[in-house]
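S.K.: Dropping a structure here in structure tokens format, bear with me for questions.
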Amino acid sequence: MAVVLQILASGFAAGAVYGLVAVGYAVVFRLTGVVHFAFAELIALGVFVTLYAAAGSGPVSQTSVGGVRFLLALVVGLVVTAAASAGSYLLAIEPYRARGSVIGWVGASLAVAFALRTLLQVSFSRETYVFPDPLPFDRVGAAGFWHVGGATIQARSLFVAAAAFVLAGIATYLLRATRHGRALEAIAQDYDAAVVSGLPVTLLVAAAFAVSGAIAALAAVLAAPSAAFDVDAAAAYGLYGLLAAAVTWFDPRRAFAAGIAVGLLQAAVTSARWGGVQLGGPAYRDVVPLLAGLAVLAWRSRSVREAVE
Amino acid sequence: MTATAAALAGAARDARSAWRPRSTIAVAAFVVAAFAPLVFGSSRIADLAGGLYLAAAAVGLALVVGIGGLPFLAQGGLMATGAIVSARLLQHGVPLGAAAVCGGVAGCAAGGAIGVCFARLPRPAFAAATWIVAWTFALGLQSLTWLVGGAEGLVVSARGPTPAQHYELALGLTALAALGFLALARAPFGLALAAAREREPAARALGVPVERLRAQATAAAGAAAGVAGALAVHLAAVADPASFGPYLSFRLFVVVLLGGALTPLGAPLGVLVLGVLSLAADAIGSLENVSAARSHTLLASVLLLAVVSLGWDGILRPAKRRRAAGGEPPLRDAHRRGLRAHALSKRFGAIEAADDVSLSLEPGTITALVGPNGSGKSTVLRLLAGVVPADGGSIDGGAVVRTLQSSGIFPSLTPLEHVLVASRERRRASGFFRSLLSTPRNRTEDAAFGAEARSVLRRFGLPEDVPAGELPVGSQRVLMLASAYATAAPVLLVDEPTAGAAPADAARMAELIVSLRTEGQALLVVEHNLGVVRRIADRIVVLDAGRVIADGPPDEVAGDDRVRAAFLGRHHF
């Protein structure tokens with residue numbers, strides 16, 4: 001019971017972030033037919049710009065940055081991420097998508113990913129970074145933890161899960177209930193018809209890139225204080241988000257659920273025991289979800305055959 | 001002995017006929033490169049050998065990316081497979097040659113498995129899947145310490161070839177990989193793979209087994225990567241898990257696009273250019289205190305962005321392909337079979353697209369299938385072609401091939417190559433390995449089918465060597481018919497052959513279809529131009545709301561009141 005609670009608590013928090021990243025991949029794919037391979041690096045950009053705006057390049061502790069300053073830094077981080085995400089679409093993806101060159105946009109988005117990754121590694125050269133936490137979770141429960149039914153639950157992980165759900169709800173509202181959201185749905189249904197009907201398609205898609213990048217970065221910023229952060233941590237968010245989006249054929253709602261499933265599976269592999277024997281362990285927490293996702297993808301691909309006409 | 005000598009003489013003759021000035025340059029470059037150990041020191045030669053192993057793996061990748069058009073992002077993982085298998089075997093005292101073969105087999109198996117699992121996916125999803133595979137390899141190697149020896153990796157004994165010998169080995173392996181690429185790209189295997197790259201539905205309609213070919217291509221890429229990884233690990237004396245991350249797959253992708261994915265020497269040239277520029281990047285990076293690994297990553301990213309931004313096909317472009325003339329065309333099957341469909345039905349939700357449809361296509365007859373829009377003509381055609389399964393009824397008869405309603409040509413392939421793609425299924429000695437090795441039987445068959453293809457093109461009045469995308473629309477439609485004819489299927493299903501055609505083109509198409517009837521071909525033509533239908537058809541089957549409402553000779557059908565009603569009295573036969 002304690003193990004199940006532990007898995008649920010930690011799995012939901014990580015999985016909800018993966019889910020939000022997966023929603024970003026899925027929205028972008030449905031609008032453009034493009035897999036944005038630089039999404040993880042854009043998330044890393046958001047987190048590092050927020051960190052830099054909040055605390056500069058010097059050492060930082062979890063409690064060294066106050067609320068207002070952090071909020072301002074967060075705004076700067078999200079604006080930069082949104083601009084970079086829209087810019088990557090306009091400069092590195094749209095030209096090749098319009099030409100119908102799959103190899104072109106795959107190459108361009110990978111190039112942006114590795115260039116951004118390298119620039120971040122050069123600019124933020126320490127091994128890992130502590131991210132400031134503006135919320136006083138250490139005052140909740142026993143120094144930020146609750147002990148429930150033998151499980152130790154981090155208060156901040158519940159906050160991250162709840163915040164991710166709220167962000168997913170906001171994203172759904174934006175897509176479903178707003179004029180721009182419905183315009184994006186029209187673009188997703190038929191790109192060419194949307195162009196012909198006079199919608200400012202390029203602008204709307206660039207805005208969608210910006211918003212989905214910013215939302216994913218916001219989720220990562222909220223989760224970042226839970227553990228040490230580096231470019232590889234963002235890469236993991238991107239990888240598991242991509243996995244969740246791919247196994248659901250880039251359906252935004254299912255992608256969010258699949259992200260949570262990935263998080264839960266990861267937590268289960270890390271913590272699950274059977275009769276006192278550990279089933280997986282931390283060493284397998286990356287490989288097992290990836291192999292499981294690939295197996296699902298391979299199984300689902302059996303039903304795929306592009307229409308003959 | 002005599003047979004061997006004759007086979008070698010034949011191979012030399014074929015090589016001479018396909019020889020180009022750029023072939024001379026390539027051979028000269030390899031010969032000059034072979035003398036590099038006399039010029040450079042041991043350390044530099046080891047670097048060059050490492051680069052050449054990378055080039056061999058990249059040539060394999062070029063087959064998938066260039067010829068197959070698939071964004072394959074897991075080649076680094078396949079190199080890792082070969083490297084780990086080889087390192088493990090070398091640690092147990094297995095000789096390097098055997099370890100390299102095992103590494104190649106392991107890479108081939110892994111590449112084939114990736115192809116089998118994901119070749120059906122649309123290309124964006126294929127890119128995503130193979131990228132996840134690349135990460136799985138990388139993270140797996142980092143976490144499975146019992147397999148790869150932890151952070152230190154697997155240390156391999158340095159006994160065996162020296163760096164200079166490795167260099168010659170790597171040069172030979174790269175040359176072999178390039179020759180293999182050349183043989184496969186020119187063979188029906190490569191042509192069919194390229195056809196699927198250009199227009200997958202049209203390739204499927206001609207009977208190209210798209211998934212199987214793509215899986216074979218990824219397996220071949222895996223074999224090249226596996227052998228290269230297996231040998232490279234001995235050269236480095238350690239299998240370091242950190243060196244097989246996703247960046248390796250990215251780097252291989254970059255060199256293929258940089259050098260030219262459609263030519264066998266594009267990838268080696270890409271490695272050379274990236275290597276030379278990396279030396280410059282090292283110099284700049286050292287001034288800025290940036291590590292070599294990071295400056296190389298940045299350089300590769302910028303180069304790739306430049307390549308795709310400029311819309312390059314890479315530094316090397318494919319040469320105009322020349323095929324030796326001569327040879328006797330193979331005999332076509334004189335025994336013609338028709339096709340009988342009985343009580344076919346197909347339902348899509350609430351719509352009965354085909355309801356109790358029976359028809360008979362006899363050899364040497366043209367049957368026209370007509371009906372108003374939405375009457376179920378396309379569904380019946382797809383049922384007969386086996387593209388969609390019927391809910392009920394049965395089909396009895398010979399092989400069926402259909403032409404597509406929309407343009408079904410492969411723009412960058414020549415008409416000759418179209419016909420060779422179409423006749424591929426009839427060949428017996430053009431499988432993957434025979435094509436790779438260019439066996440005497442394979443070359444004899446090549447000549448025979450080449451002669452047949454030329455005669456088909458003459459018969460249909462088409463040129464041989466112009467890219468099909470440059471042909472007039474009317475000729476493109478004729479090419480679709482010629483390709484369908486080249487399959488030698490006894491039954492041809494021709495979907496709207498004159499749609500949108502100028503009167504002269506429509507008349508030419510009608511003549512060609514009639515001429516096929518005289519050869520004993522069974523033809524089913526779906527056509528809206530009722531004037532053409534009346535001129536060419538022996539029988540007309542009329543569909544309305546998924547049911548056959550008339551079936552008989554044109555004059556008889558023309559007088560049928562139900563047919564007039566179905567067409568709202570607007571058309572008269």
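Each chain in the structure tokens gets a letter, A, B and so on, in the order shown; residues start at 1 in every chain, and ligands are counted from 1 in the order they appear.
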Using DSSP on the backbone, list every residue of region 123-251 of chain A that comes out as strand (DSSP E or B), and give them as a list in words.
M.R.: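 Matching residues for strand (DSSP E or B) in region 123-251 of chain A are Tyr129, Ala142, Phe145, Trp146, His147, Val148, Ala151, Thr152, Ile153, Gln154 and Phe229 of chain A.
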S.K.: Take the selection from the previous step and output its residues with N, CA and C atoms, as a short mmCIF file (atom, residue, chain, number, x, y, z; two decimals), in the first residue's frame.
M.R.:
```
data_model
loop_
_atom_site.label_atom_id
_atom_site.label_comp_id
_atom_site.auth_asym_id
_atom_site.auth_seq_id
_atom_site.Cartn_x
_atom_site.Cartn_y
_atom_site.Cartn_z
N TYR A 129 22.21 22.58 -11.65
CA TYR A 129 21.80 23.84 -11.04
C TYR A 129 20.68 23.60 -10.03
N ALA A 142 5.92 17.87 7.48
CA ALA A 142 7.20 17.74 8.16
C ALA A 142 8.29 18.12 7.19
N PHE A 145 7.27 17.41 3.70
CA PHE A 145 6.87 16.03 3.38
C PHE A 145 5.70 15.62 4.26
N TRP A 146 4.85 14.75 3.71
CA TRP A 146 3.80 14.11 4.51
C TRP A 146 4.10 12.63 4.58
N HIS A 147 3.81 12.06 5.68
CA HIS A 147 3.96 10.60 5.83
C HIS A 147 2.56 10.02 5.91
N VAL A 148 2.15 9.35 4.85
CA VAL A 148 0.79 8.81 4.78
C VAL A 148 0.88 7.31 4.52
N ALA A 151 4.01 5.83 3.38
CA ALA A 151 4.67 6.46 2.23
C ALA A 151 5.09 7.88 2.58
N THR A 152 6.19 8.31 2.00
CA THR A 152 6.65 9.69 2.19
C THR A 152 6.34 10.48 0.91
N ILE A 153 5.45 11.48 1.08
CA ILE A 153 4.98 12.21 -0.10
C ILE A 153 5.48 13.65 -0.03
N GLN A 154 6.13 14.08 -1.09
CA GLN A 154 6.66 15.45 -1.13
C GLN A 154 5.50 16.40 -1.46
N PHE A 229 18.71 20.61 -11.62
CA PHE A 229 18.28 20.78 -13.02
C PHE A 229 19.49 20.99 -13.92
#
```
S.K.: Please return, as a list of chain:residue names, all residues of chain A lying within 7 Å of chain B when only C-alpha atoms are considered.
M.R.: A:Val34, A:Val35, A:Val102, A:Ile103, A:Gly104, A:Gly107, A:Ala108, A:Ala111, A:Val112, A:Phe114, A:Ala115, A:Thr118, A:Ala246, A:Ala283, A:Tyr284, A:Asp286, A:Val287, A:Leu290, A:Ala298, A:Ser301, A:Val304, A:Arg305, A:Val308, A:Glu309
S.K.: How about saving the chosen residues, N, CA and C atoms kept, as a PDB file, in the first residue's frame?
M.R.:
```
ATOM      1  N   VAL A  34       4.320  18.296 -38.157  1.00  0.00           N
ATOM      2  CA  VAL A  34       5.754  18.336 -37.855  1.00  0.00           C
ATOM      3  C   VAL A  34       6.004  17.872 -36.417  1.00  0.00           C
ATOM      4  N   VAL A  35       7.046  17.084 -36.220  1.00  0.00           N
ATOM      5  CA  VAL A  35       7.483  16.734 -34.872  1.00  0.00           C
ATOM      6  C   VAL A  35       8.600  17.721 -34.509  1.00  0.00           C
ATOM      7  N   VAL A 102      10.159  16.383 -45.642  1.00  0.00           N
ATOM      8  CA  VAL A 102      10.210  15.798 -44.291  1.00  0.00           C
ATOM      9  C   VAL A 102      11.651  15.774 -43.789  1.00  0.00           C
ATOM     10  N   ILE A 103      12.564  15.323 -44.666  1.00  0.00           N
ATOM     11  CA  ILE A 103      13.977  15.273 -44.262  1.00  0.00           C
ATOM     12  C   ILE A 103      14.445  16.677 -43.881  1.00  0.00           C
ATOM     13  N   GLY A 104      13.951  17.701 -44.616  1.00  0.00           N
ATOM     14  CA  GLY A 104      14.339  19.090 -44.356  1.00  0.00           C
ATOM     15  C   GLY A 104      13.932  19.539 -42.964  1.00  0.00           C
ATOM     16  N   GLY A 107      15.756  17.590 -40.206  1.00  0.00           N
ATOM     17  CA  GLY A 107      17.126  18.076 -40.067  1.00  0.00           C
ATOM     18  C   GLY A 107      17.173  19.443 -39.406  1.00  0.00           C
ATOM     19  N   ALA A 108      16.286  20.343 -39.842  1.00  0.00           N
ATOM     20  CA  ALA A 108      16.306  21.710 -39.301  1.00  0.00           C
ATOM     21  C   ALA A 108      15.968  21.720 -37.816  1.00  0.00           C
ATOM     22  N   ALA A 111      18.804  20.323 -35.865  1.00  0.00           N
ATOM     23  CA  ALA A 111      19.921  21.273 -35.836  1.00  0.00           C
ATOM     24  C   ALA A 111      19.662  22.366 -34.802  1.00  0.00           C
ATOM     25  N   VAL A 112      18.433  22.886 -34.768  1.00  0.00           N
ATOM     26  CA  VAL A 112      18.084  23.899 -33.768  1.00  0.00           C
ATOM     27  C   VAL A 112      18.256  23.309 -32.366  1.00  0.00           C
ATOM     28  N   PHE A 114      20.231  20.832 -31.272  1.00  0.00           N
ATOM     29  CA  PHE A 114      21.619  20.649 -30.835  1.00  0.00           C
ATOM     30  C   PHE A 114      22.353  21.985 -30.689  1.00  0.00           C
ATOM     31  N   ALA A 115      22.011  22.940 -31.547  1.00  0.00           N
ATOM     32  CA  ALA A 115      22.648  24.262 -31.429  1.00  0.00           C
ATOM     33  C   ALA A 115      22.252  24.917 -30.105  1.00  0.00           C
ATOM     34  N   THR A 118      23.836  23.160 -27.142  1.00  0.00           N
ATOM     35  CA  THR A 118      25.253  23.494 -26.958  1.00  0.00           C
ATOM     36  C   THR A 118      25.416  24.896 -26.386  1.00  0.00           C
ATOM     37  N   ALA A 246       3.715  10.293 -29.280  1.00  0.00           N
ATOM     38  CA  ALA A 246       3.816   9.364 -30.411  1.00  0.00           C
ATOM     39  C   ALA A 246       2.898   8.155 -30.228  1.00  0.00           C
ATOM     40  N   ALA A 283      18.042   2.133 -11.966  1.00  0.00           N
ATOM     41  CA  ALA A 283      18.820   1.968 -13.201  1.00  0.00           C
ATOM     42  C   ALA A 283      17.919   1.738 -14.409  1.00  0.00           C
ATOM     43  N   TYR A 284      16.713   1.198 -14.166  1.00  0.00           N
ATOM     44  CA  TYR A 284      15.837   0.844 -15.288  1.00  0.00           C
ATOM     45  C   TYR A 284      14.709   1.849 -15.496  1.00  0.00           C
ATOM     46  N   ASP A 286      14.559   4.679 -16.862  1.00  0.00           N
ATOM     47  CA  ASP A 286      14.492   5.290 -18.190  1.00  0.00           C
ATOM     48  C   ASP A 286      14.182   4.257 -19.263  1.00  0.00           C
ATOM     49  N   VAL A 287      14.882   3.120 -19.187  1.00  0.00           N
ATOM     50  CA  VAL A 287      14.821   2.148 -20.280  1.00  0.00           C
ATOM     51  C   VAL A 287      13.462   1.464 -20.361  1.00  0.00           C
ATOM     52  N   LEU A 290      10.684   3.520 -21.963  1.00  0.00           N
ATOM     53  CA  LEU A 290      10.973   3.731 -23.389  1.00  0.00           C
ATOM     54  C   LEU A 290      10.694   2.464 -24.190  1.00  0.00           C
ATOM     55  N   ALA A 298       5.085   0.106 -31.946  1.00  0.00           N
ATOM     56  CA  ALA A 298       5.232  -0.937 -32.975  1.00  0.00           C
ATOM     57  C   ALA A 298       3.919  -1.692 -33.151  1.00  0.00           C
ATOM     58  N   SER A 301       1.488   0.490 -34.950  1.00  0.00           N
ATOM     59  CA  SER A 301       1.845   0.765 -36.351  1.00  0.00           C
ATOM     60  C   SER A 301       1.324  -0.329 -37.281  1.00  0.00           C
ATOM     61  N   VAL A 304      -1.535   0.841 -39.193  1.00  0.00           N
ATOM     62  CA  VAL A 304      -1.359   2.041 -40.015  1.00  0.00           C
ATOM     63  C   VAL A 304      -1.081   1.639 -41.451  1.00  0.00           C
ATOM     64  N   ARG A 305      -1.808   2.161 -42.357  1.00  0.00           N
ATOM     65  CA  ARG A 305      -1.442   2.066 -43.759  1.00  0.00           C
ATOM     66  C   ARG A 305      -1.991   3.317 -44.418  1.00  0.00           C
ATOM     67  N   VAL A 308      -4.551   4.468 -49.956  1.00  0.00           N
ATOM     68  CA  VAL A 308      -3.977   4.292 -51.288  1.00  0.00           C
ATOM     69  C   VAL A 308      -4.321   5.482 -52.177  1.00  0.00           C
ATOM     70  N   GLU A 309      -5.440   6.080 -51.905  1.00  0.00           N
ATOM     71  CA  GLU A 309      -5.796   7.282 -52.675  1.00  0.00           C
ATOM     72  C   GLU A 309      -6.086   8.407 -51.723  1.00  0.00           C
TER      73      GLU A 309
END
```
S.K.: Could you check how far CA of Phe348 (chain B) sits from CA of Val541 (chain B), in Å to one decimal?
M.R.: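 If I compute the distance from CA of Phe348 (chain B) to CA of Val541 (chain B), I get 22.1 Å.
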S.K.: DSSP says helix (DSSP H, G or I) for which residues of region 207-289 of chain B? Put them as a PyMOL selection string?
M.R.: chain B and resi 210-236+241-244+246-259+266-287
S.K.: Please indicate the distance in Å from CA of Val106 (chain A) to CA of Leu204 (chain A), rounded to one decimal place.
M.R.: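 CA of Val106 (chain A) sits 21.6 Å away from CA of Leu204 (chain A).
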S.K.: Leaving out region 32-36 of chain B and any residue of its chain fewer than 6 positions from it, which residues lie within 9 Å of it when counting only C-alpha atoms, given as a list in words?
M.R.: Ile45, Ala164, Tyr167, Glu168 and Leu171 of chain B
S.K.: Restrict the calculation to only C-alpha atoms, then for each residue of region 240-308 of chain A with any atom at most 12 Å from an atom of region 173-194 of chain A give the closest atom pair and their distance in Å to one decimal, rows by chain and rising residue number, as a Markdown table.
M.R.:
```
| residue | atom | partner | partner_atom | distance |
| --- | --- | --- | --- | --- |
| A:Phe250 | CA | A:Ala188 | CA | 11.7 |
| A:Asp251 | CA | A:Ala188 | CA | 11.3 |
| A:Pro252 | CA | A:Leu175 | CA | 10.4 |
| A:Arg253 | CA | A:Leu175 | CA | 11.4 |
```
S.K.: Take the residues that were just selected and, keeping N, CA and C atoms, output them as a tab-separated table (two decimals), in the first residue's frame.
M.R.:
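again_0.tsv was written with the following content:
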```
chain	number	residue	atom	x	y	z
A	250	PHE	N	-0.39	11.52	-31.54
A	250	PHE	CA	-0.40	12.99	-31.39
A	250	PHE	C	-1.82	13.53	-31.15
A	251	ASP	N	-2.59	12.80	-30.36
A	251	ASP	CA	-3.90	13.28	-29.92
A	251	ASP	C	-3.69	14.00	-28.58
A	252	PRO	N	-3.96	15.34	-28.50
A	252	PRO	CA	-3.56	16.08	-27.31
A	252	PRO	C	-4.10	15.51	-25.99
A	253	ARG	N	-5.40	15.14	-25.95
A	253	ARG	CA	-5.94	14.68	-24.67
A	253	ARG	C	-5.33	13.35	-24.25
```
S.K.: Env of Leu543 (chain B): 6 Å cut, atoms = only C-alpha atoms, seq-sep filter 3 positions within chain, self excluded. Answer as a ChimeraX atom specification.
M.R.: /B:371,375,547-549
S.K.: Fewer than 2 positions away in the same chain doesn't count, so skip those; otherwise give me all residues within 12 Å of Gly50 (chain B), counting only C-alpha atoms, as a ChimeraX atom specification.
M.R.: /B:43-48,52-57,163-164,166-171,173-174,228-237,268,271-272,275
S.K.: Mind checking which residues fall within 9 Å of Gly67 (chain A), counting only C-alpha atoms, ignoring those fewer than 6 positions away in the same chain, and posting them as an NGL selection string?
M.R.: :A and (133-135)
S.K.: Quick one: everything within 10 Å of Ser378 (chain B), counting only C-alpha atoms, minus sequence neighbours fewer than 2 positions away in the same chain. Send it as number ranges by chain.
M.R.: B: 353-354, 369, 373-376, 380-384, 405, 495, 526
S.K.: Restricting the output to C-alpha atoms, write the selected residues as a compact mmCIF listing (two decimals), in the first residue's frame.
M.R.:
```txt
# COMPACT_ATOMS: atom_id res chain seq x y z
CA ALA B 353 -20.85 1.04 -51.11
CA ALA B 354 -21.08 -2.27 -52.95
CA LEU B 369 -17.58 0.30 -65.26
CA ASN B 373 -20.69 9.98 -58.75
CA GLY B 374 -20.92 8.03 -55.51
CA SER B 375 -22.30 4.92 -57.22
CA GLY B 376 -19.51 2.75 -55.84
CA VAL B 380 -15.56 -2.00 -56.57
CA LEU B 381 -12.18 -1.23 -58.14
CA ARG B 382 -10.50 -1.32 -54.74
CA LEU B 383 -12.25 -4.57 -53.85
CA LEU B 384 -11.08 -6.18 -57.10
CA GLN B 405 -7.10 8.03 -60.70
CA ASP B 495 -9.18 4.21 -63.31
CA VAL B 526 -13.69 3.16 -65.04
```
S.K.: Hey, which of B:Ala62, B:Leu213, B:Leu258, B:Val273 ends up closest to Ala177 (chain B)? Count only C-alpha atoms.
M.R.: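 Nearest to Ala177 (chain B): B:Ala62.
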